[in-house]
Every structure is written in C-alpha cells, then in structure tokens.
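What follows is data_0.tsv (TSV, C-alpha atoms).
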chain	number	residue	atom	x	y	z
Z	10	MET	CA	-15.70	10.15	9.28
Z	11	THR	CA	-13.48	12.14	11.63
Z	12	ASP	CA	-9.84	12.14	12.58
Z	13	GLY	CA	-8.53	11.98	16.13
Z	14	ALA	CA	-9.19	15.67	16.63
Z	15	GLY	CA	-12.79	15.37	15.53
Z	16	GLU	CA	-12.17	17.02	12.16
Z	17	VAL	CA	-14.25	15.69	9.28
Z	18	VAL	CA	-12.07	14.05	6.64
Z	19	THR	CA	-12.82	12.59	3.24
Z	20	ALA	CA	-11.66	9.14	2.11
Z	21	VAL	CA	-8.09	8.42	3.15
Z	22	THR	CA	-6.14	7.30	0.09
Z	23	ALA	CA	-2.64	6.08	-0.62
Z	24	ALA	CA	-0.22	5.11	-3.33
Z	25	LEU	CA	2.75	2.76	-3.11
Z	26	LEU	CA	5.91	3.61	-5.04
Z	27	VAL	CA	8.23	0.63	-5.45
Z	28	VAL	CA	11.77	1.65	-6.37
Z	29	GLY	CA	14.29	-0.69	-7.91
Z	30	ASP	CA	15.77	-2.02	-11.13
Z	31	GLU	CA	15.78	-5.47	-9.54
Z	32	ILE	CA	11.98	-5.51	-9.35
Z	33	LEU	CA	11.53	-4.48	-12.97
Z	34	SER	CA	14.10	-7.00	-14.20
Z	35	GLY	CA	12.43	-9.85	-12.34
Z	36	ARG	CA	15.55	-10.65	-10.35
Z	37	THR	CA	13.72	-9.80	-7.12
Z	38	LYS	CA	10.10	-10.79	-6.66
Z	39	ASP	CA	8.23	-8.08	-4.77
Z	40	LYS	CA	6.86	-9.26	-1.43
Z	41	ASN	CA	5.80	-5.88	-0.11
Z	42	ILE	CA	2.81	-4.86	-2.21
Z	43	GLY	CA	0.40	-7.41	-0.76
Z	44	HIS	CA	1.49	-6.70	2.81
Z	45	VAL	CA	1.12	-2.95	2.41
Z	46	ALA	CA	-2.27	-3.32	0.71
Z	47	GLU	CA	-3.63	-5.64	3.40
Z	48	ASN	CA	-2.50	-3.48	6.31
Z	49	LEU	CA	-3.68	-0.22	4.77
Z	50	THR	CA	-7.08	-1.79	4.09
Z	51	LEU	CA	-7.34	-2.87	7.73
Z	52	ALA	CA	-6.54	0.72	8.73
Z	53	GLY	CA	-9.26	2.13	6.49
Z	54	ILE	CA	-6.76	3.59	4.02
Z	55	ASP	CA	-7.56	2.93	0.37
Z	56	LEU	CA	-4.52	1.87	-1.66
Z	57	ARG	CA	-5.45	3.35	-5.03
Z	58	GLU	CA	-2.25	2.96	-7.03
Z	59	VAL	CA	0.98	0.98	-7.12
Z	60	ARG	CA	3.78	2.30	-9.32
Z	61	ILE	CA	7.17	0.64	-9.95
Z	62	VAL	CA	10.07	2.78	-11.14
Z	63	PRO	CA	13.75	2.09	-11.85
Z	64	ASP	CA	16.71	3.56	-9.97
Z	65	VAL	CA	16.59	6.68	-12.12
Z	66	GLU	CA	16.47	10.06	-10.40
Z	67	GLU	CA	14.14	11.90	-12.73
Z	68	GLU	CA	11.62	9.05	-12.73
Z	69	ILE	CA	11.58	8.74	-8.94
Z	70	VAL	CA	11.25	12.50	-8.46
Z	71	ALA	CA	8.46	12.75	-11.02
Z	72	ALA	CA	6.58	9.83	-9.47
Z	73	VAL	CA	6.88	11.20	-5.92
Z	74	ASN	CA	5.59	14.60	-6.99
Z	75	ALA	CA	2.71	13.18	-9.03
Z	76	LEU	CA	1.57	10.77	-6.32
Z	77	ARG	CA	1.92	13.08	-3.31
Z	78	ALA	CA	-0.29	15.63	-5.01
Z	79	ARG	CA	-2.99	13.07	-5.72
Z	80	TYR	CA	-3.24	10.92	-2.59
Z	81	THR	CA	-3.42	11.40	1.17
Z	82	TYR	CA	-0.26	9.33	1.65
Z	83	VAL	CA	2.54	7.98	-0.50
Z	84	PHE	CA	4.58	5.03	0.72
Z	85	THR	CA	7.87	4.14	-0.94
Z	86	THR	CA	9.84	0.92	-0.62
Z	87	GLY	CA	13.43	0.35	-1.68
Z	88	GLY	CA	16.46	2.46	-2.41
Z	89	ILE	CA	17.54	3.59	1.08
Z	90	GLY	CA	20.50	1.23	1.58
Z	91	PRO	CA	24.25	1.99	1.69
Z	92	THR	CA	25.21	1.60	-1.98
Z	93	HIS	CA	25.52	4.11	-4.81
Z	94	ASP	CA	22.25	3.03	-6.43
Z	95	ASP	CA	20.23	3.71	-3.26
Z	96	ILE	CA	18.96	7.15	-4.24
Z	97	THR	CA	15.40	7.28	-2.93
Z	98	ALA	CA	16.18	9.64	-0.03
Z	99	ASP	CA	17.99	12.06	-2.35
Z	100	CYS	CA	15.11	11.93	-4.82
Z	101	VAL	CA	12.50	12.65	-2.15
Z	102	ALA	CA	14.57	15.61	-0.96
Z	103	LYS	CA	14.76	16.88	-4.53
Z	104	ALA	CA	11.02	16.39	-5.03
Z	105	PHE	CA	10.34	18.61	-2.00
Z	106	GLY	CA	13.11	21.05	-2.78
Z	107	VAL	CA	14.87	20.59	0.58
Z	108	PRO	CA	18.50	19.74	1.46
Z	109	ILE	CA	19.59	16.33	2.66
Z	110	ALA	CA	22.40	15.58	5.09
Z	111	VAL	CA	23.54	13.13	7.74
Z	112	ASP	CA	21.01	13.41	10.58
Z	113	GLU	CA	22.36	12.95	14.10
Z	114	ARG	CA	19.05	11.42	15.18
Z	115	ALA	CA	19.58	8.66	12.63
Z	116	VAL	CA	23.22	8.30	13.63
Z	117	ALA	CA	22.17	7.82	17.25
Z	118	MET	CA	19.83	5.03	16.21
Z	119	MET	CA	22.55	3.33	14.16
Z	120	LEU	CA	25.01	3.55	17.06
Z	121	GLU	CA	22.72	1.18	18.93
Z	122	ARG	CA	23.89	-1.47	16.47
Z	123	HIS	CA	27.31	-0.26	15.27
Z	124	LYS	CA	30.39	1.21	16.87
Z	125	ARG	CA	31.00	4.80	15.82
Z	126	GLU	CA	34.26	3.81	14.09
Z	127	ASP	CA	32.27	1.31	12.02
Z	128	LEU	CA	29.98	3.99	10.63
Z	129	ASN	CA	31.90	4.35	7.40
Z	130	GLU	CA	30.82	6.52	4.47
Z	131	ALA	CA	28.59	3.80	3.03
Z	132	ARG	CA	26.73	3.19	6.29
Z	133	LEU	CA	26.33	6.90	6.88
Z	134	ARG	CA	24.44	7.11	3.59
Z	135	MET	CA	21.62	5.42	5.50
Z	136	ALA	CA	21.65	8.28	8.04
Z	137	ARG	CA	21.09	10.96	5.39
Z	138	ILE	CA	17.63	12.43	5.94
Z	139	PRO	CA	15.89	15.29	4.10
Z	140	LYS	CA	15.49	18.45	6.16
Z	141	GLY	CA	12.18	18.59	8.01
Z	142	ALA	CA	11.52	14.84	7.95
Z	143	SER	CA	10.57	12.79	10.98
Z	144	LEU	CA	12.15	9.38	11.43
Z	145	VAL	CA	10.46	6.00	11.07
Z	146	ASP	CA	11.93	3.52	13.53
Z	147	ASN	CA	13.62	0.38	12.27
Z	148	PRO	CA	13.94	-2.07	15.18
Z	149	ILE	CA	15.71	-4.67	13.04
Z	150	SER	CA	18.81	-3.03	11.55
Z	151	ARG	CA	18.32	0.43	13.16
Z	152	ALA	CA	18.87	2.48	9.97
Z	153	PRO	CA	15.61	4.45	9.95
Z	154	GLY	CA	13.12	5.33	7.29
Z	155	PHE	CA	11.53	8.76	7.34
Z	156	ARG	CA	8.36	10.72	6.71
Z	157	LEU	CA	8.30	14.08	4.94
Z	158	GLU	CA	4.82	15.62	4.91
Z	159	ASN	CA	2.63	12.89	3.34
Z	160	VAL	CA	5.47	10.75	1.95
Z	161	VAL	CA	6.65	7.77	4.01
Z	162	VAL	CA	9.97	6.25	2.90
Z	163	MET	CA	10.67	2.65	3.91
Z	164	ALA	CA	13.22	-0.06	3.22
Z	165	GLY	CA	12.74	-2.67	0.52
Z	166	VAL	CA	13.75	-5.68	2.64
Z	167	PRO	CA	10.36	-7.18	3.55
Z	168	ALA	CA	11.01	-7.81	7.26
Z	169	ILE	CA	12.35	-4.29	7.75
Z	170	MET	CA	9.60	-2.72	5.66
Z	171	GLN	CA	6.95	-4.52	7.69
Z	172	ALA	CA	8.47	-3.30	10.96
Z	173	MET	CA	8.61	0.27	9.65
Z	174	LEU	CA	5.01	0.11	8.47
Z	175	ASP	CA	3.92	-1.19	11.88
Z	176	ASN	CA	5.61	1.79	13.49
Z	177	VAL	CA	4.24	4.46	11.16
Z	178	LEU	CA	0.63	3.29	10.83
Z	179	PRO	CA	-0.43	4.43	14.32
Z	180	THR	CA	0.61	7.99	13.41
Z	181	LEU	CA	-1.59	8.25	10.31
Z	182	THR	CA	-5.16	9.43	9.85
Z	183	LYS	CA	-7.40	6.38	9.53
Z	184	GLY	CA	-10.57	5.86	7.58
Z	185	ILE	CA	-13.46	3.49	8.23
Z	186	PRO	CA	-12.19	-0.05	7.53
Z	187	VAL	CA	-13.62	-1.83	4.51
Z	188	THR	CA	-15.60	-4.98	5.12
Z	189	SER	CA	-16.10	-7.69	2.52
Z	190	GLN	CA	-18.40	-10.64	1.95
Z	191	THR	CA	-17.96	-13.43	-0.56
Z	192	ILE	CA	-20.57	-15.34	-2.54
Z	193	ASP	CA	-19.56	-18.69	-4.01
Z	194	ALA	CA	-20.82	-18.74	-7.59
Z	195	SER	CA	-19.05	-21.94	-8.62
Z	196	GLY	CA	-20.92	-23.89	-11.24
Z	197	VAL	CA	-22.52	-20.76	-12.70
Z	198	PRO	CA	-20.51	-19.29	-15.60
Z	199	GLU	CA	-19.68	-15.60	-15.41
Z	200	GLY	CA	-21.43	-15.07	-18.72
Z	201	LEU	CA	-24.73	-16.10	-17.14
Z	202	TYR	CA	-24.63	-13.86	-14.10
Z	203	ALA	CA	-22.74	-10.88	-15.56
Z	204	ALA	CA	-25.83	-8.89	-16.59
Z	205	GLY	CA	-27.61	-9.42	-13.28
Z	206	LEU	CA	-24.45	-8.57	-11.37
Z	207	GLN	CA	-24.15	-5.33	-13.31
Z	208	THR	CA	-27.72	-4.40	-12.42
Z	209	ILE	CA	-27.12	-5.10	-8.73
Z	210	ALA	CA	-23.86	-3.13	-8.77
Z	211	ALA	CA	-25.69	-0.15	-10.29
Z	212	ARG	CA	-28.10	-0.20	-7.34
Z	213	HIS	CA	-25.18	-0.05	-4.91
Z	214	PRO	CA	-22.78	2.59	-6.28
Z	215	SER	CA	-21.01	3.02	-2.94
Z	216	LEU	CA	-19.84	-0.60	-2.99
Z	217	SER	CA	-17.14	-2.43	-4.91
Z	218	ILE	CA	-18.52	-5.62	-6.44
Z	219	GLY	CA	-16.20	-7.90	-8.38
Z	220	SER	CA	-16.24	-11.36	-9.92
Z	221	TYR	CA	-13.10	-13.46	-9.54
Z	222	PRO	CA	-12.84	-16.73	-11.47
Z	223	SER	CA	-10.01	-19.17	-10.89
Z	224	PHE	CA	-9.00	-22.51	-12.31
Z	225	GLY	CA	-7.94	-25.50	-10.24
Z	226	PRO	CA	-7.90	-29.30	-10.32
Z	227	SER	CA	-11.70	-29.41	-10.19
Z	228	GLY	CA	-12.08	-26.85	-12.97
Z	229	PHE	CA	-13.35	-23.28	-12.88
Z	230	THR	CA	-14.61	-21.74	-9.66
Z	231	ASN	CA	-16.20	-18.31	-9.38
Z	232	GLN	CA	-16.35	-16.04	-6.36
Z	233	ILE	CA	-18.14	-12.72	-6.17
Z	234	VAL	CA	-16.83	-10.29	-3.57
Z	235	VAL	CA	-18.75	-7.32	-2.17
Z	236	ARG	CA	-16.64	-4.65	-0.45
Z	237	GLY	CA	-17.65	-1.46	1.31
Z	238	ARG	CA	-17.71	0.57	4.52
Z	239	ASP	CA	-21.48	0.41	5.06
Z	240	LEU	CA	-22.13	-2.96	6.69
Z	241	ASP	CA	-25.86	-2.88	5.98
Z	242	ALA	CA	-25.32	-2.04	2.32
Z	243	VAL	CA	-22.79	-4.85	1.97
Z	244	ALA	CA	-25.23	-7.30	3.54
Z	245	ARG	CA	-28.08	-6.18	1.26
Z	246	ALA	CA	-25.98	-6.50	-1.87
Z	247	ARG	CA	-24.71	-9.89	-0.77
Z	248	ALA	CA	-28.27	-11.11	-0.29
Z	249	GLU	CA	-29.31	-9.86	-3.72
Z	250	ILE	CA	-26.34	-11.50	-5.41
Z	251	GLY	CA	-26.87	-14.74	-3.53
Z	252	ALA	CA	-30.51	-14.83	-4.62
Z	253	HIS	CA	-29.51	-14.15	-8.23
Z	254	ILE	CA	-26.97	-16.99	-8.22
Z	255	GLU	CA	-29.44	-19.43	-6.67
Z	256	GLU	CA	-32.05	-18.49	-9.27
Z	257	LEU	CA	-29.58	-19.24	-12.05
Z	258	ARG	CA	-28.61	-22.54	-10.44
Z	259	ALA	CA	-32.30	-23.49	-10.25
Z	260	ARG	CA	-32.75	-22.77	-13.95
Z	261	LYS	CA	-29.80	-25.04	-14.77
Z	262	ALA	CA	-31.06	-27.88	-12.60

Could I get this structure in the form of structure tokens?
Amino acid sequence: MTDGAGEVVTAVTAALLVVGDEILSGRTKDKNIGHVAENLTLAGIDLREVRIVPDVEEEIVAAVNALRARYTYVFTTGGIGPTHDDITADCVAKAFGVPIAVDERAVAMMLERHKREDLNEARLRMARIPKGASLVDNPISRAPGFRLENVVVMAGVPAIMQAMLDNVLPTLTKGIPVTSQTIDASGVPEGLYAAGLQTIAARHPSLSIGSYPSFGPSGFTNQIVVRGRDLDAVARARAEIGAHIEELRARKA
C-alpha cells in the first residue's frame, strides 16, 4: 500500500493507552475503546493493543515510551483535564524529554469559550502543551488535545474524545481497510468444526479467522468471522468454511 505521497508503507498499527484510576477501580466504565477500535479499523489502522494505567507518572511514561516504539500510532485517552490528577500531558512531555508550558495557541482556542479573566490556574492547565506538539481541535469544550510525533493525546470524556478522533484521523497515514464476512454456525458445536476450521485457517495465513460463541434465550449460537484486506481471499475462505459447516450439519441430520 502507499501513503498520500506514493511512498510504500507497511501495515499501519496502533495502540490505545487509557489513563485513569477511575477506569481501573470500576467507578467509570470505559466507553472509548470500542469507538476507537471501530474507527481505526475503518481507516485501515490495526489496533493491536489496549493498555490501561493508573494516574501514576512512572507508569504512564513507561507505557508511552514502550508503545510509541512499537506501533505506528499511540492514542491516549484521559488525564488532560484541569485537576491535579490530570497528568497525561506532563507524562508525555517527560516521555519525549521536552518541556511543557502554557501554549498561546491553546489559550486562543479556550478564549472562544471563556473570558480571559475566567482562565484561572486550573483551566490553564488544559492549555499546557509539550514543546513541538501540534494541537487536536476540540469543538465541544475548546480545550485541545495534541499530537507529538506518533502520540495523539485526547480527552477521556467520550463525546469530546470522539470529536478529537474525528479531527485527527484525516491527518494520519491510512492502511487498506479490513473487510469481514460472517458464517452462521449455529447448531454445530465448536468442538465439531474446530479441527476443520484450523485446517482452513492454515491455508489462509493472511486472514484472521475466529469462532465466536454466545449464549442467549434460544441457547448457544456460533458465528465464524473471516477478516482480511484481500477481498478475494476472504470470499474463498468464507466459501470453504460455509461448505465445512454444511457438511457437518448434513452428518448430524
């Protein structure tokens, strides 16, 4: 695949770093992971890892450094508000070894919502941006996120995070979107089709093939999902799996 300049790029990968004691304690139920995963997938960016860390400087810094070295992009959510425990911006600055200070670009954005005399010390914490970072627009509350090299820092509030992600996605290198097809294997236990599914998966190493059972009022249902970037390969694997399931159903009949 190529980027916008025609340069050949490998798979575009990402990690999501969720920051916050409230997530780990269960007080706040995360609503961002699924949204980020879905939108990155649509953009052809593979979300390979999600990591949740507390509001502890050394853990945030270590996670940022580990993830930014491993993936094309790192997205963070949480910890960029006005209170003392909002330390994500400081930790990202420390991870990159750059200073952080009130950024007049961020102040100008916040003045669209607040009077200058209302920008007290707490609110100005949200205008502190690491040196060298570009801003990520926040059309809702105006306090921006930012991007420093391959790390994109966003708010934890879902509506604000979603708006920030919408604004930053067009600026990123995209991959080829993944397509998926689903085979309904209900009525055929996983134990019966597991061996055949493994054989089919081995013939299609470029694809992701998974079996997903669930339990509802009518009992167990099984779905097999084939995912990949090669539409023809996905279709071939789907046909093979469908034939395998129908053969097993015929044996049971």

Item checked: Counting all atoms listed in the file, the residue of Z:Glu158, Z:Asp193, Z:Asp39, Z:Asp64 that sits nearest Thr81 of chain Z -> Z:Glu158

Check: Pick the closest to Thr22 of chain Z from Z:Pro148, Z:Gly184, Z:Gly200, Z:Gly90: which is it, counting all atoms listed in the file?
Finding: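 The shortest atom-to-atom distance to Thr22 of chain Z comes from Z:Gly184.
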
Next item on the list: May I have the residues within 10 Å of Arg132 of chain Z as a ChimeraX atom specification, using all atoms listed in the file and disregarding those fewer than 6 positions away in the same chain?
Entry: /Z:90-92,116,119,123,152

Next item on the list: Find the residue from Z:Phe224, Z:Phe229, Z:Tyr202, Z:Tyr82 that sits nearest to Ile250 of chain Z; use all atoms listed in the file when measuring.
Entry: Z:Tyr202

Coordinates of box centre and edge lengths for segment 86-102 of chain Z, 6 Å on every side, axis-aligned, as JSON:
{"center_x": 17.7, "center_y": 8.0, "center_z": -2.4, "size_x": 27.7, "size_y": 27.3, "size_z": 20.1}

Checklist line | Distance criterion (only C-alpha atoms): nearest to Ala252 of chain Z out of Z:Val21, Z:Ala52, Z:Leu206, Z:Arg238 | finding: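 Among Z:Val21, Z:Ala52, Z:Leu206, Z:Arg238, it is Z:Leu206 that comes nearest to Ala252 of chain Z.
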
Note to self: Using Å and a single decimal, report how far atom CA of Gly87 of chain Z sits from atom CA of Arg134 of chain Z.
What the structure shows: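 Atom CA of Gly87 of chain Z lies at a distance of 14.0 Å from atom CA of Arg134 of chain Z.
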
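Counting all atoms listed in the file, Gly29 of chain Z has the following residues at most 7 Å away, ignoring those fewer than 2 positions along the same chain: Val27, Glu31, Ile32, Leu33, Val62, Pro63, Asp64, Gly87 and Gly88 of chain Z.
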
Notebook entry, point to check: Do you know which residues are at most 12 Å from Gly251 of chain Z counting all atoms listed in the file, after dropping those on the same chain fewer than 2 positions away, and could you put them as a list in words?
Noted result: Gln190, Thr191, Ile192, Asp193, Ala194, Ser195, Val197, Tyr202, Gly205, Leu206, Ile209, Gln232, Ile233, Val234, Val235, Ala244, Arg245, Ala246, Arg247, Ala248, Glu249, His253, Ile254, Glu255, Glu256, Leu257 and Arg258 of chain Z

Notebook entry, point to check: Between Z:Ile54, Z:Ile61, Z:Met135, Z:Val28, which has the minimum distance to Val111 of chain Z (counting only C-alpha atoms)?
Noted result: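 Smallest distance to Val111 of chain Z is found for Z:Met135.
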
Note to self: From the options Z:Met118, Z:Asn147, Z:Leu133, Z:Ile96, which residue's atoms come nearest to Pro167 of chain Z, counting all atoms listed in the file?
What the structure shows: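 Using all atoms listed in the file, the shortest distance to Pro167 of chain Z belongs to Z:Asn147.
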
Next item on the list: One decimal, Å: what's the distance from atom CA of Ser223 of chain Z over to atom CA of Arg236 of chain Z, could you say?
Entry: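 Interatomic distance here is 19.1 Å.
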
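Atom CA of Ile69 of chain Z is positioned 26.4 Å from atom CA of Asn129 of chain Z.
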
Next item on the list: Mind checking which residues fall within 8 Å of segment 74-79 of chain Z, counting only C-alpha atoms, ignoring those fewer than 6 positions away in the same chain, and posting them as a ChimeraX atom specification?
Entry: /Z:24,104-105,159-160

Notebook entry, point to check: Which polymer residues have any atom within 12 Å of an atom of Met173 of chain Z, counting all atoms listed in the file, with same-chain residues fewer than 4 positions away left out, as a ChimeraX atom specification?
Noted result: /Z:41,45,84-86,144-156,161-169,177-180

How about completing segment 53-79 of chain Z with N, CA and C atoms and giving it to me as an mmCIF file, in the coordinates of the input?
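selection_35.cif was written with the following content:
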data_model
loop_
_atom_site.group_PDB
_atom_site.id
_atom_site.type_symbol
_atom_site.label_atom_id
_atom_site.label_comp_id
_atom_site.auth_asym_id
_atom_site.auth_seq_id
_atom_site.Cartn_x
_atom_site.Cartn_y
_atom_site.Cartn_z
ATOM 1 N N GLY Z 53 -8.296 1.243 7.124
ATOM 2 C CA GLY Z 53 -9.260 2.130 6.490
ATOM 3 C C GLY Z 53 -8.637 3.097 5.507
ATOM 4 N N ILE Z 54 -7.448 2.763 5.011
ATOM 5 C CA ILE Z 54 -6.760 3.590 4.020
ATOM 6 C C ILE Z 54 -6.825 2.873 2.678
ATOM 7 N N ASP Z 55 -7.370 3.546 1.683
ATOM 8 C CA ASP Z 55 -7.560 2.930 0.370
ATOM 9 C C ASP Z 55 -6.276 3.018 -0.451
ATOM 10 N N LEU Z 56 -5.666 1.884 -0.751
ATOM 11 C CA LEU Z 56 -4.520 1.870 -1.660
ATOM 12 C C LEU Z 56 -5.058 1.950 -3.083
ATOM 13 N N ARG Z 57 -4.852 3.091 -3.731
ATOM 14 C CA ARG Z 57 -5.450 3.350 -5.030
ATOM 15 C C ARG Z 57 -4.506 3.100 -6.197
ATOM 16 N N GLU Z 58 -3.197 3.103 -5.923
ATOM 17 C CA GLU Z 58 -2.250 2.960 -7.030
ATOM 18 C C GLU Z 58 -0.949 2.360 -6.529
ATOM 19 N N VAL Z 59 -0.370 1.487 -7.358
ATOM 20 C CA VAL Z 59 0.980 0.980 -7.120
ATOM 21 C C VAL Z 59 1.793 1.285 -8.373
ATOM 22 N N ARG Z 60 2.927 1.943 -8.190
ATOM 23 C CA ARG Z 60 3.780 2.300 -9.320
ATOM 24 C C ARG Z 60 5.180 1.765 -9.061
ATOM 25 N N ILE Z 61 5.803 1.176 -10.070
ATOM 26 C CA ILE Z 61 7.170 0.640 -9.950
ATOM 27 C C ILE Z 61 8.064 1.444 -10.881
ATOM 28 N N VAL Z 62 9.156 1.968 -10.344
ATOM 29 C CA VAL Z 62 10.070 2.780 -11.140
ATOM 30 C C VAL Z 62 11.493 2.277 -10.960
ATOM 31 N N PRO Z 63 12.349 2.508 -11.962
ATOM 32 C CA PRO Z 63 13.750 2.090 -11.850
ATOM 33 C C PRO Z 63 14.548 3.043 -10.971
ATOM 34 N N ASP Z 64 15.813 2.711 -10.754
ATOM 35 C CA ASP Z 64 16.710 3.560 -9.970
ATOM 36 C C ASP Z 64 17.207 4.714 -10.837
ATOM 37 N N VAL Z 65 16.282 5.537 -11.256
ATOM 38 C CA VAL Z 65 16.590 6.680 -12.120
ATOM 39 C C VAL Z 65 16.015 7.928 -11.465
ATOM 40 N N GLU Z 66 16.874 8.901 -11.192
ATOM 41 C CA GLU Z 66 16.470 10.060 -10.400
ATOM 42 C C GLU Z 66 15.236 10.764 -10.932
ATOM 43 N N GLU Z 67 15.253 11.113 -12.209
ATOM 44 C CA GLU Z 67 14.140 11.900 -12.730
ATOM 45 C C GLU Z 67 12.816 11.152 -12.662
ATOM 46 N N GLU Z 68 12.860 9.827 -12.792
ATOM 47 C CA GLU Z 68 11.620 9.050 -12.730
ATOM 48 C C GLU Z 68 11.106 8.945 -11.297
ATOM 49 N N ILE Z 69 12.003 8.796 -10.338
ATOM 50 C CA ILE Z 69 11.580 8.740 -8.940
ATOM 51 C C ILE Z 69 11.016 10.085 -8.506
ATOM 52 N N VAL Z 70 11.710 11.169 -8.838
ATOM 53 C CA VAL Z 70 11.250 12.500 -8.460
ATOM 54 C C VAL Z 70 9.886 12.795 -9.069
ATOM 55 N N ALA Z 71 9.737 12.489 -10.344
ATOM 56 C CA ALA Z 71 8.460 12.750 -11.020
ATOM 57 C C ALA Z 71 7.334 11.940 -10.390
ATOM 58 N N ALA Z 72 7.612 10.684 -10.059
ATOM 59 C CA ALA Z 72 6.580 9.830 -9.470
ATOM 60 C C ALA Z 72 6.201 10.317 -8.083
ATOM 61 N N VAL Z 73 7.177 10.695 -7.262
ATOM 62 C CA VAL Z 73 6.880 11.200 -5.920
ATOM 63 C C VAL Z 73 6.005 12.441 -6.008
ATOM 64 N N ASN Z 74 6.354 13.365 -6.892
ATOM 65 C CA ASN Z 74 5.590 14.600 -6.990
ATOM 66 C C ASN Z 74 4.177 14.364 -7.517
ATOM 67 N N ALA Z 75 4.045 13.465 -8.487
ATOM 68 C CA ALA Z 75 2.710 13.180 -9.030
ATOM 69 C C ALA Z 75 1.826 12.511 -7.987
ATOM 70 N N LEU Z 76 2.370 11.552 -7.266
ATOM 71 C CA LEU Z 76 1.570 10.770 -6.320
ATOM 72 C C LEU Z 76 1.245 11.562 -5.054
ATOM 73 N N ARG Z 77 2.182 12.351 -4.569
ATOM 74 C CA ARG Z 77 1.920 13.080 -3.310
ATOM 75 C C ARG Z 77 0.877 14.173 -3.503
ATOM 76 N N ALA Z 78 0.729 14.627 -4.736
ATOM 77 C CA ALA Z 78 -0.290 15.630 -5.010
ATOM 78 C C ALA Z 78 -1.678 15.013 -5.157
ATOM 79 N N ARG Z 79 -1.718 13.725 -5.413
ATOM 80 C CA ARG Z 79 -2.990 13.070 -5.720
ATOM 81 C C ARG Z 79 -3.589 12.326 -4.542
#
